[in-house]
Every structure is written in structure tokens, then in C-alpha cells.
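Student: Following this line is query_1.tsv, made up of TSV, C-alpha atoms and all ligand atoms:
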chain	number	residue	atom	x	y	z
A	124	MET	CA	38.16	-8.68	-1.89
A	125	LEU	CA	39.63	-5.61	-3.53
A	126	LYS	CA	39.91	-5.25	-7.31
A	127	ILE	CA	41.07	-1.76	-8.06
A	128	VAL	CA	43.20	0.43	-10.28
A	129	LEU	CA	45.29	3.26	-8.79
A	130	LEU	CA	45.40	5.98	-11.40
A	131	GLY	CA	47.59	9.06	-11.08
A	132	ALA	CA	50.47	11.01	-12.57
A	133	PRO	CA	54.03	9.73	-12.10
A	134	GLY	CA	55.00	10.54	-8.53
A	135	SER	CA	51.40	11.00	-7.34
A	136	GLY	CA	52.07	8.34	-4.70
A	137	LYS	CA	50.59	5.23	-6.32
A	138	GLY	CA	53.43	3.00	-5.16
A	139	THR	CA	53.43	4.53	-1.66
A	140	GLN	CA	49.68	4.04	-1.17
A	141	SER	CA	49.68	0.57	-2.78
A	142	ALA	CA	52.09	-0.68	-0.12
A	143	LYS	CA	49.64	0.44	2.59
A	144	LEU	CA	46.68	-1.12	0.76
A	145	VAL	CA	48.53	-4.44	0.52
A	146	ALA	CA	49.10	-4.40	4.30
A	147	GLU	CA	45.46	-3.49	5.03
A	148	TYR	CA	43.58	-5.71	2.55
A	149	GLY	CA	46.04	-8.56	1.95
A	150	VAL	CA	45.80	-8.54	-1.85
A	151	PRO	CA	48.83	-8.28	-4.16
A	152	GLN	CA	50.04	-5.05	-5.70
A	153	ILE	CA	50.75	-5.32	-9.41
A	154	SER	CA	53.01	-2.47	-10.51
A	155	THR	CA	54.02	-2.41	-14.16
A	156	GLY	CA	56.81	0.02	-13.21
A	157	ASP	CA	58.24	-2.49	-10.67
A	158	LEU	CA	57.87	-5.42	-13.09
A	159	LEU	CA	59.68	-3.43	-15.80
A	160	ARG	CA	62.47	-2.30	-13.45
A	161	THR	CA	63.01	-5.93	-12.41
A	162	ALA	CA	63.27	-6.97	-16.07
A	163	VAL	CA	65.78	-4.15	-16.71
A	164	ALA	CA	67.87	-5.14	-13.65
A	165	GLU	CA	67.89	-8.79	-14.73
A	166	GLY	CA	68.95	-7.78	-18.26
A	167	THR	CA	66.23	-9.89	-19.93
A	168	GLU	CA	65.33	-9.23	-23.58
A	169	LEU	CA	62.10	-7.59	-22.44
A	170	GLY	CA	64.11	-5.42	-20.03
A	171	ARG	CA	66.47	-4.29	-22.78
A	172	LYS	CA	63.52	-3.29	-24.97
A	173	ALA	CA	61.83	-1.41	-22.10
A	174	LYS	CA	64.90	0.48	-20.86
A	175	ALA	CA	65.19	3.05	-23.65
A	176	ALA	CA	61.53	4.11	-23.30
A	177	MET	CA	61.78	4.29	-19.49
A	178	ASP	CA	64.98	6.37	-19.55
A	179	ALA	CA	63.35	8.80	-21.98
A	180	GLY	CA	60.13	9.09	-19.93
A	181	ARG	CA	58.03	7.50	-22.69
A	182	LEU	CA	55.56	4.63	-22.27
A	183	VAL	CA	56.85	1.13	-22.90
A	184	SER	CA	55.01	-0.55	-25.81
A	185	ASP	CA	51.57	-2.04	-25.15
A	186	ASP	CA	52.52	-5.55	-26.27
A	187	ILE	CA	55.18	-5.78	-23.55
A	188	VAL	CA	53.11	-4.25	-20.76
A	189	VAL	CA	49.80	-5.96	-21.62
A	190	GLY	CA	51.66	-9.30	-21.92
A	191	MET	CA	53.13	-8.83	-18.43
A	192	ILE	CA	49.73	-8.00	-16.93
A	193	HIS	CA	48.10	-10.93	-18.67
A	194	GLU	CA	50.62	-13.31	-17.16
A	195	ARG	CA	50.43	-11.70	-13.71
A	196	LEU	CA	46.60	-11.70	-13.51
A	197	ASN	CA	46.57	-15.39	-14.35
A	198	ALA	CA	48.61	-16.18	-11.22
A	199	PRO	CA	46.51	-17.78	-8.43
A	200	ASP	CA	47.35	-15.12	-5.80
A	201	THR	CA	45.16	-12.60	-7.68
A	202	GLU	CA	42.00	-14.70	-7.38
A	203	HIS	CA	40.83	-12.78	-4.31
A	204	GLY	CA	41.80	-9.38	-5.59
A	205	PHE	CA	44.56	-7.09	-6.81
A	206	ILE	CA	45.78	-3.51	-6.81
A	207	LEU	CA	46.85	-2.39	-10.26
A	208	ASP	CA	49.46	0.34	-9.76
A	209	GLY	CA	50.46	2.27	-12.90
A	210	PHE	CA	48.40	0.15	-15.28
A	211	PRO	CA	46.50	0.99	-17.44
A	212	ARG	CA	48.22	4.14	-18.71
A	213	SER	CA	46.48	4.56	-22.09
A	214	LEU	CA	43.07	3.90	-23.62
A	215	SER	CA	44.36	0.87	-25.50
A	216	GLN	CA	45.71	-0.60	-22.23
A	217	ALA	CA	42.35	0.10	-20.52
A	218	GLU	CA	40.50	-1.73	-23.28
A	219	ALA	CA	42.92	-4.66	-23.08
A	220	LEU	CA	42.36	-4.79	-19.31
A	221	ASP	CA	38.56	-4.79	-19.68
A	222	GLU	CA	38.80	-7.69	-22.08
A	223	LEU	CA	41.15	-9.63	-19.84
A	224	LEU	CA	39.06	-9.11	-16.69
A	225	GLU	CA	35.91	-10.08	-18.55
A	226	THR	CA	37.55	-13.35	-19.64
A	227	LEU	CA	38.60	-13.97	-16.05
A	228	GLY	CA	35.13	-13.03	-14.72
A	229	ARG	CA	36.65	-10.51	-12.30
A	230	PRO	CA	35.37	-7.00	-13.12
A	231	LEU	CA	36.93	-3.89	-11.57
A	232	GLN	CA	35.40	-2.59	-8.37
A	233	CYS	CA	36.62	0.98	-8.79
A	234	VAL	CA	39.43	3.25	-9.98
A	235	VAL	CA	41.05	5.52	-7.40
A	236	HIS	CA	42.36	8.69	-9.04
A	237	LEU	CA	45.13	10.32	-6.97
A	238	GLN	CA	45.14	14.01	-7.79
A	239	VAL	CA	48.38	15.97	-7.24
A	240	ASP	CA	49.54	19.29	-8.67
A	241	HIS	CA	52.34	18.90	-11.25
A	242	GLU	CA	54.76	21.28	-9.54
A	243	GLU	CA	54.45	19.28	-6.29
A	244	ILE	CA	55.20	16.14	-8.34
A	245	VAL	CA	58.40	17.60	-9.81
A	246	GLN	CA	59.63	18.42	-6.29
A	247	ARG	CA	58.76	14.94	-4.96
A	248	LEU	CA	60.47	13.11	-7.80
A	249	LEU	CA	63.61	15.26	-7.72
A	250	ALA	CA	63.81	14.39	-4.01
A	251	ARG	CA	63.33	10.64	-4.74
A	252	GLY	CA	66.22	10.57	-7.23
A	253	ARG	CA	65.55	7.30	-9.09
A	254	ALA	CA	67.43	6.80	-12.43
A	255	ASP	CA	64.51	8.32	-14.39
A	256	ASP	CA	63.93	11.17	-11.91
A	257	ASN	CA	65.87	14.02	-13.55
A	258	GLU	CA	63.93	17.18	-14.37
A	259	ASP	CA	63.76	16.70	-18.19
A	260	THR	CA	62.53	13.12	-17.91
A	261	ILE	CA	60.02	14.04	-15.19
A	262	ARG	CA	58.53	16.80	-17.37
A	263	LYS	CA	58.38	14.40	-20.33
A	264	ARG	CA	56.60	11.80	-18.16
A	265	LEU	CA	54.09	14.45	-17.03
A	266	SER	CA	53.32	15.44	-20.62
A	267	VAL	CA	52.91	11.77	-21.61
A	268	PHE	CA	50.54	11.44	-18.65
A	269	GLN	CA	48.45	14.39	-19.83
A	270	GLU	CA	48.25	13.15	-23.40
A	271	GLN	CA	47.86	9.41	-22.95
A	272	THR	CA	46.72	8.64	-19.40
A	273	GLU	CA	44.41	11.52	-18.47
A	274	PRO	CA	41.75	10.41	-21.01
A	275	LEU	CA	41.25	7.41	-18.71
A	276	VAL	CA	39.64	9.73	-16.13
A	277	GLU	CA	36.69	10.24	-18.47
A	278	TYR	CA	36.76	6.60	-19.61
A	279	TYR	CA	36.25	5.34	-16.05
A	280	GLN	CA	33.93	8.19	-15.07
A	281	GLN	CA	31.56	7.19	-17.87
A	282	ARG	CA	31.58	3.64	-16.51
A	283	GLY	CA	30.73	4.89	-13.00
A	284	LEU	CA	33.99	3.53	-11.57
A	285	LEU	CA	35.98	6.70	-10.82
A	286	LYS	CA	36.80	7.74	-7.23
A	287	PRO	CA	38.78	11.02	-7.14
A	288	VAL	CA	41.04	11.39	-4.09
A	289	ALA	CA	43.17	14.44	-3.19
A	290	GLY	CA	46.77	13.17	-3.17
A	291	VAL	CA	48.28	15.95	-1.05
A	292	GLY	CA	48.92	15.90	2.69
A	293	THR	CA	50.61	13.20	4.74
A	294	VAL	CA	50.76	9.61	3.49
A	295	ASP	CA	48.36	8.57	6.31
A	296	GLU	CA	45.87	11.34	5.54
A	297	ILE	CA	45.75	10.29	1.89
A	298	PHE	CA	45.40	6.63	2.87
A	299	ALA	CA	42.40	7.49	5.09
A	300	ARG	CA	40.77	9.25	2.12
A	301	ILE	CA	41.35	6.21	-0.09
A	302	LYS	CA	39.82	3.87	2.49
A	303	ALA	CA	36.77	6.14	2.75
A	304	ALA	CA	36.41	6.10	-1.05
A	305	LEU	CA	36.69	2.28	-1.09
A	306	ASP	CA	34.03	1.96	1.63
A	307	GLU	CA	31.60	3.73	-0.71
A	308	ALA	CA	32.50	1.58	-3.72
A	401	LIG	P1	56.15	3.90	-12.30
A	401	LIG	O1	57.00	2.89	-11.67
A	401	LIG	O2	54.67	3.63	-12.34
A	401	LIG	O3	56.52	5.18	-11.45
A	401	LIG	P2	55.89	6.51	-10.96
A	401	LIG	O4	54.61	6.79	-11.72
A	401	LIG	O5	57.01	7.48	-11.07
A	401	LIG	O6	55.60	6.38	-9.39
A	401	LIG	P3	54.40	6.47	-8.31
A	401	LIG	O7	53.19	7.25	-8.71
A	401	LIG	O8	54.18	5.05	-7.88
A	401	LIG	O9	55.00	7.33	-7.13
A	401	LIG	P4	55.60	6.94	-5.69
A	401	LIG	O10	54.59	6.35	-4.76
A	401	LIG	O11	56.85	6.16	-5.93
A	401	LIG	O12	56.62	4.18	-13.82
A	401	LIG	C1	57.97	4.34	-14.25
A	401	LIG	C2	58.11	4.18	-15.79
A	401	LIG	O13	57.78	2.81	-16.18
A	401	LIG	C3	57.17	5.03	-16.65
A	401	LIG	O14	57.69	6.34	-16.88
A	401	LIG	C4	57.09	4.19	-17.96
A	401	LIG	O15	58.22	4.37	-18.80
A	401	LIG	C5	57.13	2.75	-17.46
A	401	LIG	N1	55.77	2.18	-17.29
A	401	LIG	C6	55.20	1.83	-16.09
A	401	LIG	N2	53.94	1.36	-16.30
A	401	LIG	C7	53.70	1.43	-17.64
A	401	LIG	C8	52.57	1.11	-18.45
A	401	LIG	N3	51.42	0.66	-17.93
A	401	LIG	N4	52.68	1.31	-19.79
A	401	LIG	C9	53.82	1.77	-20.34
A	401	LIG	N5	54.92	2.09	-19.62
A	401	LIG	C10	54.87	1.94	-18.28
A	401	LIG	O16	55.93	8.37	-5.10
A	401	LIG	C11	56.88	9.23	-5.67
A	401	LIG	C12	57.67	9.98	-4.61
A	401	LIG	O17	56.80	10.81	-3.85
A	401	LIG	C13	58.37	9.06	-3.61
A	401	LIG	O18	59.65	9.53	-3.37
A	401	LIG	C14	57.50	9.14	-2.38
A	401	LIG	O19	58.25	8.94	-1.18
A	401	LIG	C15	56.98	10.55	-2.46
A	401	LIG	N6	55.65	10.68	-1.84
A	401	LIG	C16	54.63	9.77	-1.90
A	401	LIG	N7	53.56	10.23	-1.20
A	401	LIG	C17	53.91	11.47	-0.71
A	401	LIG	C18	53.22	12.45	0.09
A	401	LIG	N8	51.98	12.27	0.54
A	401	LIG	N9	53.87	13.61	0.37
A	401	LIG	C19	55.15	13.81	-0.07
A	401	LIG	N10	55.86	12.92	-0.79
A	401	LIG	C20	55.25	11.75	-1.12
Before we go any further, please render this structure as C-alpha cells.
Ligand code: B4P
Tutor:
Amino acid sequence: MLKIVLLGAPGSGKGTQSAKLVAEYGVPQISTGDLLRTAVAEGTELGRKAKAAMDAGRLVSDDIVVGMIHERLNAPDTEHGFILDGFPRSLSQAEALDELLETLGRPLQCVVHLQVDHEEIVQRLLARGRADDNEDTIRKRLSVFQEQTEPLVEYYQQRGLLKPVAGVGTVDEIFARIKAALDEA
């Protein structure tokens, strides 16, 4: 059973580490970024609404993202756990998540905070080269992170759920640190 949030700046390695956590613990990864990119690729109405915000490096509106998470957490494969990757990204999303998990009777176990220096992030994302990985959009995403997502560090710290993990080094080194943090949770 693993019920966690992976919190970190864009490009901090949330998606990379989630894939390893899925293999190790056998619970599904729920990435709002992946769900949104699928909706964009399929050209659904939701995807069309999300695309402009994603291309500009802004957050997609809460009603879209919270609605997607609500639907996903009601699916039976999440009964024995989940890895939330890239959600929540704002205080209002965190409050919506608390409410949802309370209704489902599945409280969070902990929040792993991947810490990576912003200049390292710019280099990683320029190397990745996804559609929203140009330098202007990356810097915009980092400033949105500082303004809207970083307050979640204190939010979860106050609730005794925060596990800070250094997100630099090899993928395996970081994964070993995450596993050690989860063992303590
Ligand atoms: P996301 O899909 O969440 O993308 P991300 O934050 O850029 O990626 P991540 O942290 O997972 O990094 P990754 O492992 O890929 O969001 C994209 C957009 O969707 C947002 O800007 C927003 O518009 C929208 N969105 C998503 N969720 C939302 C929400 N809740 N509310 C509103 N809007 C939302 O790693 C990045 C790169 O680093 C990769 O190339 C990887 O190979 C490399 N890397 C990983 N680990 C490394 C290591 N240890 N050393 C060197 N390189 C490494």
C-alpha cells in the first residue's frame, strides 16, 4: 500500500521516479500532465481548453484538473494505493484532494518533495525537448511553481506529511533516497 504525492518543480524528475515506484510497489501512477497530454493528443474538448495554458507554461484550470483526478481516484485500481505525480500544484488543488481522499477514506501517507536547483532544471528540460520545453516556457513554469506550488511545502509540513528528498544525482541514487524516506513514513 502506497498513497503518496510526488511534489517538485517541473523537470525535477517526478515522472522519472514515478515509473520506478510503479515497478517497485505495483500501484498506479496518476500524472495530471500525462492525462492532459493525452486529452490534447486526442483533440477532446477538455484537451483543447488545456492546450493554451500548457503551451504558455501556465496551470490548467482547477475545474478541469480536479475533475480528472476525481474520476481517476474513483477507478478500482487505486484502491490499494496510488502515486500522484504533478497533482496537487496549488493550495486549492491540495484542499480539493484532502476532501476527496477523506470521502474515499484513503488519507495520504506522505508527500515526497524532490528538491532540484532551478538552473539544473532548465538544462534538463532543454535536453528533453518536449513541445513545452523551450526556455521561455520553462522559466514561466518555474515562476508559476514558485508562486502557486511552493506554498504546498509548508501546507504538508504543517500536517507532518512532508519528506524532503535531494533530487540530484543519478536516477537510481534518487530512487534509493525516496525508498528510504518511504520506509520512515
Ligand atoms: P508535467 O507533465 O507534470 O511535467 P513536468 O513537471 O515538466 O515533469 P516532471 O517533473 O515529471 O519531470 P521528468 O521526470 O519528466 O506538467 C506539464 C504541464 O501540464 C504543466 O506545465 C501544466 O500546464 C499542466 N499541468 C500538469 N499538472 C497540472 C495540475 N495539477 N494543475 C494544473 N496544470 C497542470 O524529468 C524531466 C527531464 O529530466 C527528463 O528529460 C528526464 O529524463 C530528466 N531527468 C530526470 N531525472 C534526472 C536525473 N536524476 N538527472 C538528470 N536528468 C534527469
Student: List all protein, DNA and RNA residues that have an atom no more than 6 Å from any atom of ligand LIG 401 (chain A), counting all atoms listed in the file, and report them as JSON, numbers by chain.
Tutor: {"A": [132, 133, 134, 135, 136, 137, 138, 139, 155, 156, 157, 176, 177, 180, 181, 182, 183, 188, 209, 210, 211, 212, 247, 248, 251, 264, 291, 292, 293, 294]}
Student: Taking all atoms listed in the file into account, which of A:Val267, A:Ala146, A:Ile301, A:Leu223 comes nearest Arg195 of chain A?
Tutor: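 Of A:Val267, A:Ala146, A:Ile301, A:Leu223, the one nearest Arg195 of chain A, counting all atoms listed in the file, is A:Leu223.
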Student: Between A:Leu284, A:Asp178, A:Glu296, A:Arg229, which one has atoms that come closest to Ala308 of chain A, using only C-alpha atoms?
Tutor: A:Leu284
Student: Taking all atoms listed in the file into account, name the residue in A:His203, A:His193, A:Val245, A:Lys174 that is nearest to Asp221 of chain A.
Tutor: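 Of A:His203, A:His193, A:Val245, A:Lys174, the one nearest Asp221 of chain A, counting all atoms listed in the file, is A:His193.
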Student: Find, counting only C-alpha atoms, the residue in A:Leu158, A:Cys233, A:Glu147, A:Arg262 that gets nearest to Gln246 of chain A.
Tutor: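 Residue with the minimum atom-to-atom distance to Gln246 of chain A: A:Arg262.
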Student: Check the smallest atom-to-atom distance from each of A:Ala198, A:Asp185, A:Ala299, A:Val150 to Ala217 of chain A using only C-alpha atoms, then report the winner.
Tutor: A:Asp185
Student: What would segment 179-190 of chain A look like with all heavy atoms restored, written as a CSV table (one decimal), in the frame of the given file?
Tutor:
chain,number,residue,atom,x,y,z
A,179,ALA,N,63.8,7.6,-21.3
A,179,ALA,CA,63.4,8.8,-22.0
A,179,ALA,C,62.0,9.3,-21.4
A,179,ALA,O,61.6,10.4,-21.9
A,179,ALA,CB,63.2,8.5,-23.5
A,180,GLY,N,61.4,8.6,-20.5
A,180,GLY,CA,60.1,9.1,-19.9
A,180,GLY,C,58.9,8.8,-20.8
A,180,GLY,O,57.8,9.3,-20.6
A,181,ARG,N,59.1,7.9,-21.8
A,181,ARG,CA,58.0,7.5,-22.7
A,181,ARG,C,57.4,6.2,-22.1
A,181,ARG,O,57.9,5.6,-21.3
A,181,ARG,CB,58.5,7.2,-24.1
A,181,ARG,CG,59.0,8.4,-24.9
A,181,ARG,CD,59.4,8.1,-26.3
A,181,ARG,NE,60.7,7.6,-26.4
A,181,ARG,CZ,61.1,6.4,-26.6
A,181,ARG,NH1,60.2,5.4,-26.8
A,181,ARG,NH2,62.4,6.0,-26.7
A,182,LEU,N,56.2,5.9,-22.7
A,182,LEU,CA,55.6,4.6,-22.3
A,182,LEU,C,56.2,3.5,-23.0
A,182,LEU,O,56.6,3.6,-24.2
A,182,LEU,CB,54.1,4.6,-22.6
A,182,LEU,CG,53.2,5.6,-21.9
A,182,LEU,CD1,51.7,5.4,-22.2
A,182,LEU,CD2,53.4,5.5,-20.4
A,183,VAL,N,56.4,2.4,-22.3
A,183,VAL,CA,56.8,1.1,-22.9
A,183,VAL,C,55.7,0.6,-23.8
A,183,VAL,O,54.5,0.9,-23.5
A,183,VAL,CB,57.2,0.1,-21.8
A,183,VAL,CG1,57.6,-1.2,-22.3
A,183,VAL,CG2,58.4,0.7,-20.9
A,184,SER,N,56.0,-0.2,-24.8
A,184,SER,CA,55.0,-0.6,-25.8
A,184,SER,C,53.9,-1.4,-25.2
A,184,SER,O,54.2,-2.2,-24.2
A,184,SER,CB,55.6,-1.3,-27.0
A,184,SER,OG,56.1,-2.5,-26.6
A,185,ASP,N,52.7,-1.3,-25.7
A,185,ASP,CA,51.6,-2.0,-25.2
A,185,ASP,C,51.8,-3.6,-25.2
A,185,ASP,O,51.4,-4.2,-24.2
A,185,ASP,CB,50.3,-1.8,-26.0
A,185,ASP,CG,49.7,-0.4,-25.6
A,185,ASP,OD1,50.2,0.2,-24.7
A,185,ASP,OD2,48.7,0.0,-26.3
A,186,ASP,N,52.4,-4.1,-26.2
A,186,ASP,CA,52.5,-5.6,-26.3
A,186,ASP,C,53.3,-6.1,-25.1
A,186,ASP,O,53.0,-7.1,-24.5
A,186,ASP,CB,53.1,-6.0,-27.6
A,186,ASP,CG,54.4,-5.4,-28.0
A,186,ASP,OD1,54.7,-4.3,-27.4
A,186,ASP,OD2,55.2,-6.0,-28.7
A,187,ILE,N,54.4,-5.3,-24.7
A,187,ILE,CA,55.2,-5.8,-23.6
A,187,ILE,C,54.4,-5.7,-22.3
A,187,ILE,O,54.2,-6.6,-21.5
A,187,ILE,CB,56.5,-4.9,-23.4
A,187,ILE,CG1,57.4,-5.2,-24.6
A,187,ILE,CG2,57.2,-5.1,-22.1
A,187,ILE,CD1,58.7,-4.4,-24.5
A,188,VAL,N,53.8,-4.5,-22.1
A,188,VAL,CA,53.1,-4.2,-20.8
A,188,VAL,C,51.8,-5.1,-20.6
A,188,VAL,O,51.6,-5.7,-19.6
A,188,VAL,CB,52.8,-2.7,-20.6
A,188,VAL,CG1,52.1,-2.5,-19.3
A,188,VAL,CG2,54.1,-1.9,-20.7
A,189,VAL,N,51.0,-5.2,-21.7
A,189,VAL,CA,49.8,-6.0,-21.6
A,189,VAL,C,50.1,-7.4,-21.4
A,189,VAL,O,49.5,-8.2,-20.7
A,189,VAL,CB,48.9,-5.7,-22.9
A,189,VAL,CG1,47.7,-6.7,-22.9
A,189,VAL,CG2,48.4,-4.3,-22.9
A,190,GLY,N,51.2,-7.9,-22.1
A,190,GLY,CA,51.7,-9.3,-21.9
A,190,GLY,C,52.0,-9.6,-20.5
A,190,GLY,O,51.7,-10.6,-19.9
